[in-house]
Amino acid sequence: MLRLKEPLELTMYRVLPENISDFISVYIIHHGDSSCSIVDTGPQVSVSRLTGLVTRLGCRVENLLLTHIHLDHGGGAGGFIKEYGPAKVMVHPRGSKHLANPTKLWQASLEALGPVAEFYQEPLPATETLLYSPEDGEKLHLDGLEVVVLYTPGHASHHMSFWLPSEKTLFSGDSAGMYLERQGKFVPSTPPPFHFDQYLESLDKQARLGPSYIAFPHNTIIEAGDFLKRHRDQIIAWVEAAEEVLEKASNYSGEDKVNLVAEALKSVDDQANALLSDNDTLVKAIMQSSIQGLIDYVVRIKPREERR
Ligand SMILES: [Zn+2]
C-alpha cells in the first residue's frame, strides 16, 4: 500500500457497498491540517456514503479532482456539493458544461450502459461557479502539495490524470486501464468513442513521468514497475485482434461482432479471458462496452481518420 510522506495521507474508499461490488475506489488526499481533496467522487448512488466518510474522517473537502465525467467517476460531483457544501470542481474543459447541465450526459449514459446507468443514478447539476478547468500541465497547489494536471484523452476525449511529483504517484482515472484487485487482473477500458492513437500517446506521456505508484479508480493502488509498458502491449494486442477478426465480418450482426471480438480478446490476452468470464455485473458491463468501443474504433473512427 502507498504511504505518502508525512504529513500527507491518503484514504482509499470503496464507495459501493461490498455486497454489490468492489468495482469503484475513490481517493481522499489529506493535504492540510484538516483539509483534503477527493479524486473522483464515484456515482450519484454512493454520494451519501462518501459524505458520511469525509464527515467521519473530519476533513474539510476543498477540491473534487475529476479524471472525467463518466457516471462512475464524476457522476456524483453535483450531488456531493448539494449534500456536503461547496468544493471546487476540477474538470476538463470539454466535460465542464455536462456537469453544469447533465441532461445529455445522462441520455448518453442510458444508451451506453442501460440498467447500469440506472444503478449509478442520474447526476445532479453542479453549481457552475464552482467548476474550474485547469490547462494541460497546470500545477495545482493544495496547501503545500503540488498536483500536476495532465490531459490524457483516448478512453474519453475529456480525460485528465493527476500527478503528485513528491510522491511519484499517478491518479490515472481510466486512461491506463483498470487494475482489479480481487481478480488480480488488468485490462483497458475502451468504451465508444475510443481513440486508439490518443490512448497510446496518453500512456507514453504518463510513462515519461516514471511513476512509482498508480492509483486506479477501478480499483486499487499498485507499484508501477513496468505496468504502463505491459498495458501498452496489451492495448495494441487488443486492437490488432479486433481488426483481424472484424476484417472478415462486415456482414455480421452487431451481436455476432461482439461475440467474435470477445473470443479474439480471450485468445490473445489471459487478463481479458479472466475478466470476460467474471460474473460481477459491473465488470461484465464495462467489458461489453469496451468491446463495443473497439468495434466502433475499427469500423468507424479509424477509417475516418485514415481518410483525412
Ligand atoms: Zn470512464
# chains A, B, ... in the order shown; residues from 1 in each chain; ligands from 1

call {"tool": "residues_around", "arguments": {"residues": "stretch 131-133 of chain A", "least_positions_apart": "4", "cutoff": "6 Å", "atoms": "only C-alpha atoms", "output": "CSV table (one decimal) with C-alpha atoms, in the first residue's frame"}}
result
chain,number,residue,atom,x,y,z
A,89,VAL,CA,-14.6,21.0,-9.0
A,90,MET,CA,-11.6,20.4,-11.4
A,91,VAL,CA,-12.9,19.2,-14.7
A,92,HIS,CA,-11.6,19.1,-18.3
A,93,PRO,CA,-13.0,22.0,-20.4

call {"tool": "residues_near_ligand", "arguments": {"ligand": "ligand 1", "cutoff": "7 Å", "atoms": "only C-alpha atoms and all ligand atoms", "output": "number ranges by chain"}}
result
A: 68, 70, 73, 155-156, 174

call {"tool": "residues_around", "arguments": {"residues": "stretch 260-268 of chain A", "least_positions_apart": "6", "cutoff": "9 Å", "atoms": "only C-alpha atoms", "output": "PyMOL selection string"}}
result
chain A and resi 234+237-238+241-246+249+274+276+287-288+291+294-295

call {"tool": "write_last_selection", "arguments": {"atoms": "N, CA and C atoms", "output": "compact mmCIF listing (two decimals), in the first residue's frame"}}
result
# COMPACT_ATOMS: atom_id res chain seq x y z
N GLN A 234 -0.61 -4.61 -24.23
CA GLN A 234 -1.94 -5.23 -24.16
C GLN A 234 -2.95 -4.52 -25.07
N ALA A 237 -2.33 -5.32 -28.63
CA ALA A 237 -2.79 -6.68 -28.94
C ALA A 237 -4.32 -6.71 -29.10
N TRP A 238 -5.03 -5.98 -28.25
CA TRP A 238 -6.50 -5.92 -28.34
C TRP A 238 -6.94 -5.36 -29.69
N ALA A 241 -6.14 -7.66 -32.59
CA ALA A 241 -7.03 -8.83 -32.60
C ALA A 241 -8.41 -8.45 -33.13
N ALA A 242 -8.91 -7.29 -32.68
CA ALA A 242 -10.24 -6.84 -33.14
C ALA A 242 -10.21 -6.55 -34.64
N GLU A 243 -9.13 -5.90 -35.10
CA GLU A 243 -9.03 -5.58 -36.53
C GLU A 243 -9.02 -6.86 -37.37
N GLU A 244 -8.28 -7.84 -36.89
CA GLU A 244 -8.14 -9.07 -37.67
C GLU A 244 -9.47 -9.79 -37.86
N VAL A 245 -10.24 -9.91 -36.77
CA VAL A 245 -11.50 -10.66 -36.92
C VAL A 245 -12.58 -9.83 -37.61
N LEU A 246 -12.55 -8.52 -37.41
CA LEU A 246 -13.62 -7.69 -38.00
C LEU A 246 -13.44 -7.50 -39.50
N ALA A 249 -15.71 -9.75 -41.20
CA ALA A 249 -17.03 -9.87 -40.57
C ALA A 249 -17.96 -8.71 -40.92
N ALA A 274 -9.91 -13.82 -18.33
CA ALA A 274 -10.42 -13.95 -16.96
C ALA A 274 -11.57 -12.97 -16.72
N LEU A 276 -13.56 -11.44 -18.90
CA LEU A 276 -14.76 -11.71 -19.71
C LEU A 276 -15.55 -12.88 -19.15
N MET A 287 -16.77 -4.56 -19.63
CA MET A 287 -16.12 -5.36 -20.69
C MET A 287 -16.95 -5.29 -21.97
N GLN A 288 -18.28 -5.35 -21.84
CA GLN A 288 -19.14 -5.26 -23.02
C GLN A 288 -18.95 -3.91 -23.71
N ILE A 291 -15.73 -3.71 -25.63
CA ILE A 291 -15.79 -4.41 -26.93
C ILE A 291 -16.54 -3.54 -27.95
N LEU A 294 -14.15 -0.95 -29.17
CA LEU A 294 -13.15 -1.47 -30.12
C LEU A 294 -13.77 -1.60 -31.51
N ILE A 295 -15.00 -2.13 -31.56
CA ILE A 295 -15.68 -2.30 -32.85
C ILE A 295 -15.92 -0.93 -33.49

call {"tool": "select_by_dssp", "arguments": {"residues": "stretch 18-141 of chain A", "states": "strand (DSSP E or B)", "output": "PyMOL selection string"}}
result
chain A and resi 25-30+35-39+60-65+88-90+131-132+139-141

call {"tool": "write_last_selection", "arguments": {"atoms": "N, CA and C atoms", "output": "PDB file, in the first residue's frame"}}
result
ATOM      1  N   SER A  25     -13.184   2.667  -6.477  1.00  0.00           N
ATOM      2  CA  SER A  25     -12.490   3.257  -5.332  1.00  0.00           C
ATOM      3  C   SER A  25     -12.344   4.752  -5.545  1.00  0.00           C
ATOM      4  N   VAL A  26     -12.600   5.519  -4.509  1.00  0.00           N
ATOM      5  CA  VAL A  26     -12.260   6.944  -4.590  1.00  0.00           C
ATOM      6  C   VAL A  26     -11.073   7.171  -3.648  1.00  0.00           C
ATOM      7  N   TYR A  27     -10.315   8.236  -3.920  1.00  0.00           N
ATOM      8  CA  TYR A  27      -9.119   8.525  -3.135  1.00  0.00           C
ATOM      9  C   TYR A  27      -9.256   9.888  -2.487  1.00  0.00           C
ATOM     10  N   ILE A  28      -9.031   9.906  -1.192  1.00  0.00           N
ATOM     11  CA  ILE A  28      -9.092  11.165  -0.463  1.00  0.00           C
ATOM     12  C   ILE A  28      -7.663  11.514  -0.068  1.00  0.00           C
ATOM     13  N   ILE A  29      -7.182  12.653  -0.592  1.00  0.00           N
ATOM     14  CA  ILE A  29      -5.817  13.086  -0.292  1.00  0.00           C
ATOM     15  C   ILE A  29      -5.897  14.112   0.838  1.00  0.00           C
ATOM     16  N   HIS A  30      -5.291  13.787   1.951  1.00  0.00           N
ATOM     17  CA  HIS A  30      -5.279  14.715   3.092  1.00  0.00           C
ATOM     18  C   HIS A  30      -4.035  15.591   2.941  1.00  0.00           C
ATOM     19  N   SER A  35      -7.721  19.640   5.962  1.00  0.00           N
ATOM     20  CA  SER A  35      -8.317  19.796   4.636  1.00  0.00           C
ATOM     21  C   SER A  35      -7.887  18.648   3.710  1.00  0.00           C
ATOM     22  N   CYS A  36      -8.756  18.368   2.760  1.00  0.00           N
ATOM     23  CA  CYS A  36      -8.484  17.245   1.860  1.00  0.00           C
ATOM     24  C   CYS A  36      -9.113  17.514   0.500  1.00  0.00           C
ATOM     25  N   SER A  37      -8.741  16.690  -0.484  1.00  0.00           N
ATOM     26  CA  SER A  37      -9.334  16.740  -1.809  1.00  0.00           C
ATOM     27  C   SER A  37      -9.654  15.316  -2.224  1.00  0.00           C
ATOM     28  N   ILE A  38     -10.676  15.181  -3.044  1.00  0.00           N
ATOM     29  CA  ILE A  38     -11.110  13.838  -3.444  1.00  0.00           C
ATOM     30  C   ILE A  38     -10.850  13.649  -4.932  1.00  0.00           C
ATOM     31  N   VAL A  39     -10.204  12.536  -5.280  1.00  0.00           N
ATOM     32  CA  VAL A  39     -10.019  12.198  -6.691  1.00  0.00           C
ATOM     33  C   VAL A  39     -11.187  11.311  -7.114  1.00  0.00           C
ATOM     34  N   ARG A  60     -12.045  18.708   5.818  1.00  0.00           N
ATOM     35  CA  ARG A  60     -12.842  19.652   5.034  1.00  0.00           C
ATOM     36  C   ARG A  60     -12.461  19.474   3.563  1.00  0.00           C
ATOM     37  N   VAL A  61     -13.449  19.093   2.751  1.00  0.00           N
ATOM     38  CA  VAL A  61     -13.154  18.810   1.342  1.00  0.00           C
ATOM     39  C   VAL A  61     -13.065  20.123   0.570  1.00  0.00           C
ATOM     40  N   GLU A  62     -11.892  20.401   0.011  1.00  0.00           N
ATOM     41  CA  GLU A  62     -11.706  21.659  -0.720  1.00  0.00           C
ATOM     42  C   GLU A  62     -11.862  21.493  -2.221  1.00  0.00           C
ATOM     43  N   ASN A  63     -11.455  20.338  -2.734  1.00  0.00           N
ATOM     44  CA  ASN A  63     -11.491  20.134  -4.187  1.00  0.00           C
ATOM     45  C   ASN A  63     -12.002  18.748  -4.536  1.00  0.00           C
ATOM     46  N   LEU A  64     -12.733  18.702  -5.642  1.00  0.00           N
ATOM     47  CA  LEU A  64     -13.047  17.418  -6.269  1.00  0.00           C
ATOM     48  C   LEU A  64     -12.239  17.378  -7.554  1.00  0.00           C
ATOM     49  N   LEU A  65     -11.286  16.472  -7.626  1.00  0.00           N
ATOM     50  CA  LEU A  65     -10.431  16.356  -8.817  1.00  0.00           C
ATOM     51  C   LEU A  65     -11.030  15.263  -9.693  1.00  0.00           C
ATOM     52  N   LYS A  88     -14.427  23.150  -4.816  1.00  0.00           N
ATOM     53  CA  LYS A  88     -14.046  23.475  -6.186  1.00  0.00           C
ATOM     54  C   LYS A  88     -13.986  22.175  -7.004  1.00  0.00           C
ATOM     55  N   VAL A  89     -14.553  22.210  -8.206  1.00  0.00           N
ATOM     56  CA  VAL A  89     -14.582  21.003  -9.031  1.00  0.00           C
ATOM     57  C   VAL A  89     -13.636  21.170 -10.215  1.00  0.00           C
ATOM     58  N   MET A  90     -12.582  20.365 -10.261  1.00  0.00           N
ATOM     59  CA  MET A  90     -11.622  20.420 -11.368  1.00  0.00           C
ATOM     60  C   MET A  90     -12.078  19.461 -12.446  1.00  0.00           C
ATOM     61  N   LEU A 131     -17.077  25.288 -10.819  1.00  0.00           N
ATOM     62  CA  LEU A 131     -16.340  24.498 -11.809  1.00  0.00           C
ATOM     63  C   LEU A 131     -15.078  25.243 -12.248  1.00  0.00           C
ATOM     64  N   TYR A 132     -13.987  24.519 -12.336  1.00  0.00           N
ATOM     65  CA  TYR A 132     -12.732  25.115 -12.797  1.00  0.00           C
ATOM     66  C   TYR A 132     -12.045  24.134 -13.734  1.00  0.00           C
ATOM     67  N   LYS A 139      -0.143  23.399 -12.743  1.00  0.00           N
ATOM     68  CA  LYS A 139       0.199  22.916 -11.405  1.00  0.00           C
ATOM     69  C   LYS A 139      -0.811  23.454 -10.408  1.00  0.00           C
ATOM     70  N   LEU A 140      -1.455  22.554  -9.688  1.00  0.00           N
ATOM     71  CA  LEU A 140      -2.387  22.970  -8.645  1.00  0.00           C
ATOM     72  C   LEU A 140      -1.627  22.909  -7.321  1.00  0.00           C
ATOM     73  N   HIS A 141      -1.924  23.846  -6.448  1.00  0.00           N
ATOM     74  CA  HIS A 141      -1.276  23.815  -5.134  1.00  0.00           C
ATOM     75  C   HIS A 141      -2.332  23.619  -4.060  1.00  0.00           C
TER      76      HIS A 141
END

call {"tool": "residues_around", "arguments": {"residues": "A:Arg300", "least_positions_apart": "6", "cutoff": "12 Å", "atoms": "only C-alpha atoms", "output": "PyMOL selection string"}}
result
chain A and resi 192-195+243+246+250+292-294+306-307

call {"tool": "closest_residue", "arguments": {"among": "A:Ala272, A:Val54, A:Met178, A:Leu170", "to": "A:Thr220", "atoms": "only C-alpha atoms"}}
result
A:Met178

call {"tool": "residues_around", "arguments": {"residues": "A:Pro43", "least_positions_apart": "2", "cutoff": "6 Å", "atoms": "only C-alpha atoms", "output": "PyMOL selection string"}}
result
chain A and resi 45-46+71-72+75-76+120

call {"tool": "closest_residue", "arguments": {"among": "A:Gln206, A:Ser48, A:Gln183, A:Thr103", "to": "A:Asn273", "atoms": "only C-alpha atoms"}}
result
A:Gln183

call {"tool": "closest_residue", "arguments": {"among": "A:Thr11, A:Asp226, A:Asp197, A:Ile20", "to": "A:Asn279", "atoms": "only C-alpha atoms"}}
result
A:Ile20

call {"tool": "closest_residue", "arguments": {"among": "A:Pro191, A:Pro165, A:Gly52, A:Gly225", "to": "A:Val149", "atoms": "only C-alpha atoms"}}
result
A:Pro165

call {"tool": "atom_distance", "arguments": {"atom1": "atom CA of A:Thr169", "atom2": "atom CA of A:Pro217"}}
result
13.5 Å

call {"tool": "atom_distance", "arguments": {"atom1": "atom CA of A:Ser166", "atom2": "atom CA of A:Ile222"}}
result
16.9 Å

call {"tool": "select_by_dssp", "arguments": {"residues": "stretch 206-277 of chain A", "states": "helix (DSSP H, G or I)", "output": "JSON, numbers by chain"}}
result
{"A": [206, 207, 227, 228, 229, 230, 231, 232, 233, 234, 235, 236, 237, 238, 239, 240, 241, 242, 243, 244, 245, 246, 247, 254, 255, 256, 257, 258, 259, 260, 261, 262, 263, 264, 265, 266, 267, 268, 270, 271, 272, 273, 274, 275, 276]}

call {"tool": "atom_distance", "arguments": {"atom1": "atom CA of A:Pro188", "atom2": "atom CA of A:Ala176"}}
result
6.6 Å

call {"tool": "closest_residue", "arguments": {"among": "A:Val299, A:Val283, A:Leu50, A:Ile214", "to": "A:Leu113", "atoms": "only C-alpha atoms"}}
result
A:Val283

call {"tool": "residues_around", "arguments": {"residues": "A:Pro123", "least_positions_apart": "4", "cutoff": "12 Å", "atoms": "only C-alpha atoms", "output": "VMD selection string"}}
result
chain A and resid 41 to 47 69 to 82 98 to 107 109 to 110 117 to 119

call {"tool": "write_last_selection", "arguments": {"atoms": "N, CA and C atoms", "output": "mmCIF file, in the first residue's frame"}}
result
data_model
loop_
_atom_site.group_PDB
_atom_site.id
_atom_site.type_symbol
_atom_site.label_atom_id
_atom_site.label_comp_id
_atom_site.auth_asym_id
_atom_site.auth_seq_id
_atom_site.Cartn_x
_atom_site.Cartn_y
_atom_site.Cartn_z
ATOM 1 N N THR A 41 -15.482 11.309 -7.471
ATOM 2 C CA THR A 41 -16.463 11.115 -6.391
ATOM 3 C C THR A 41 -17.135 9.760 -6.461
ATOM 4 N N GLY A 42 -17.016 9.070 -7.633
ATOM 5 C CA GLY A 42 -17.891 7.915 -7.840
ATOM 6 C C GLY A 42 -19.271 8.414 -8.274
ATOM 7 N N PRO A 43 -20.221 7.490 -8.428
ATOM 8 C CA PRO A 43 -21.534 7.863 -8.969
ATOM 9 C C PRO A 43 -22.464 8.510 -7.930
ATOM 10 N N GLN A 44 -23.570 9.027 -8.421
ATOM 11 C CA GLN A 44 -24.561 9.660 -7.559
ATOM 12 C C GLN A 44 -25.081 8.696 -6.484
ATOM 13 N N VAL A 45 -25.222 7.414 -6.837
ATOM 14 C CA VAL A 45 -25.835 6.459 -5.896
ATOM 15 C C VAL A 45 -25.057 6.361 -4.580
ATOM 16 N N SER A 46 -23.757 6.643 -4.597
ATOM 17 C CA SER A 46 -22.965 6.454 -3.382
ATOM 18 C C SER A 46 -22.553 7.772 -2.717
ATOM 19 N N VAL A 47 -23.178 8.877 -3.139
ATOM 20 C CA VAL A 47 -22.803 10.185 -2.584
ATOM 21 C C VAL A 47 -22.948 10.225 -1.055
ATOM 22 N N ILE A 69 -15.936 12.662 -16.656
ATOM 23 C CA ILE A 69 -17.317 12.823 -16.168
ATOM 24 C C ILE A 69 -18.183 11.575 -16.325
ATOM 25 N N HIS A 70 -17.596 10.456 -16.775
ATOM 26 C CA HIS A 70 -18.406 9.226 -16.814
ATOM 27 C C HIS A 70 -19.042 9.023 -15.434
ATOM 28 N N LEU A 71 -20.261 8.447 -15.443
ATOM 29 C CA LEU A 71 -21.062 8.395 -14.209
ATOM 30 C C LEU A 71 -20.334 7.791 -13.016
ATOM 31 N N ASP A 72 -19.486 6.789 -13.273
ATOM 32 C CA ASP A 72 -18.814 6.111 -12.154
ATOM 33 C C ASP A 72 -17.611 6.895 -11.630
ATOM 34 N N HIS A 73 -17.298 8.038 -12.263
ATOM 35 C CA HIS A 73 -16.166 8.873 -11.814
ATOM 36 C C HIS A 73 -16.647 10.233 -11.296
ATOM 37 N N GLY A 74 -17.304 11.011 -12.197
ATOM 38 C CA GLY A 74 -17.743 12.347 -11.798
ATOM 39 C C GLY A 74 -19.251 12.468 -11.610
ATOM 40 N N GLY A 75 -19.974 11.341 -11.773
ATOM 41 C CA GLY A 75 -21.439 11.391 -11.711
ATOM 42 C C GLY A 75 -21.978 11.888 -10.380
ATOM 43 N N GLY A 76 -21.159 11.768 -9.323
ATOM 44 C CA GLY A 76 -21.625 12.178 -8.003
ATOM 45 C C GLY A 76 -21.214 13.601 -7.628
ATOM 46 N N ALA A 77 -20.509 14.311 -8.529
ATOM 47 C CA ALA A 77 -19.947 15.617 -8.136
ATOM 48 C C ALA A 77 -21.040 16.624 -7.765
ATOM 49 N N GLY A 78 -22.061 16.745 -8.635
ATOM 50 C CA GLY A 78 -23.149 17.689 -8.355
ATOM 51 C C GLY A 78 -23.875 17.343 -7.072
ATOM 52 N N GLY A 79 -24.153 16.059 -6.891
ATOM 53 C CA GLY A 79 -24.857 15.607 -5.686
ATOM 54 C C GLY A 79 -24.007 15.797 -4.436
ATOM 55 N N PHE A 80 -22.698 15.617 -4.575
ATOM 56 C CA PHE A 80 -21.800 15.783 -3.427
ATOM 57 C C PHE A 80 -21.865 17.225 -2.919
ATOM 58 N N ILE A 81 -21.766 18.184 -3.861
ATOM 59 C CA ILE A 81 -21.799 19.599 -3.484
ATOM 60 C C ILE A 81 -23.139 19.947 -2.824
ATOM 61 N N LYS A 82 -24.211 19.377 -3.395
ATOM 62 C CA LYS A 82 -25.540 19.670 -2.862
ATOM 63 C C LYS A 82 -25.657 19.155 -1.419
ATOM 64 N N HIS A 98 -21.202 19.633 -19.191
ATOM 65 C CA HIS A 98 -22.048 18.475 -18.889
ATOM 66 C C HIS A 98 -22.189 18.226 -17.386
ATOM 67 N N LEU A 99 -21.344 18.861 -16.601
ATOM 68 C CA LEU A 99 -21.545 18.800 -15.151
ATOM 69 C C LEU A 99 -22.572 19.848 -14.740
ATOM 70 N N ALA A 100 -22.499 21.020 -15.398
ATOM 71 C CA ALA A 100 -23.457 22.088 -15.080
ATOM 72 C C ALA A 100 -24.873 21.690 -15.523
ATOM 73 N N ASN A 101 -24.943 21.009 -16.667
ATOM 74 C CA ASN A 101 -26.231 20.526 -17.154
ATOM 75 C C ASN A 101 -26.066 19.079 -17.648
ATOM 76 N N PRO A 102 -26.353 18.122 -16.767
ATOM 77 C CA PRO A 102 -26.045 16.724 -17.100
ATOM 78 C C PRO A 102 -27.080 16.011 -17.978
ATOM 79 N N THR A 103 -28.041 16.733 -18.567
ATOM 80 C CA THR A 103 -29.109 16.067 -19.330
ATOM 81 C C THR A 103 -28.549 15.175 -20.446
ATOM 82 N N LYS A 104 -27.668 15.744 -21.272
ATOM 83 C CA LYS A 104 -27.108 14.966 -22.396
ATOM 84 C C LYS A 104 -26.252 13.807 -21.896
ATOM 85 N N LEU A 105 -25.466 14.081 -20.851
ATOM 86 C CA LEU A 105 -24.613 13.046 -20.270
ATOM 87 C C LEU A 105 -25.464 11.871 -19.803
ATOM 88 N N TRP A 106 -26.589 12.183 -19.183
ATOM 89 C CA TRP A 106 -27.475 11.144 -18.666
ATOM 90 C C TRP A 106 -28.083 10.332 -19.813
ATOM 91 N N GLN A 107 -28.533 11.026 -20.856
ATOM 92 C CA GLN A 107 -29.112 10.315 -22.006
ATOM 93 C C GLN A 107 -28.085 9.381 -22.646
ATOM 94 N N SER A 109 -25.465 8.116 -21.289
ATOM 95 C CA SER A 109 -25.115 7.034 -20.361
ATOM 96 C C SER A 109 -26.182 5.948 -20.382
ATOM 97 N N LEU A 110 -27.458 6.370 -20.445
ATOM 98 C CA LEU A 110 -28.544 5.385 -20.511
ATOM 99 C C LEU A 110 -28.403 4.543 -21.774
ATOM 100 N N ALA A 117 -26.443 2.302 -15.859
ATOM 101 C CA ALA A 117 -26.594 3.751 -15.653
ATOM 102 C C ALA A 117 -27.692 4.014 -14.627
ATOM 103 N N GLU A 118 -28.800 3.290 -14.731
ATOM 104 C CA GLU A 118 -29.898 3.442 -13.755
ATOM 105 C C GLU A 118 -29.380 3.168 -12.348
ATOM 106 N N PHE A 119 -28.558 2.140 -12.232
ATOM 107 C CA PHE A 119 -27.995 1.795 -10.927
ATOM 108 C C PHE A 119 -27.105 2.932 -10.394
#
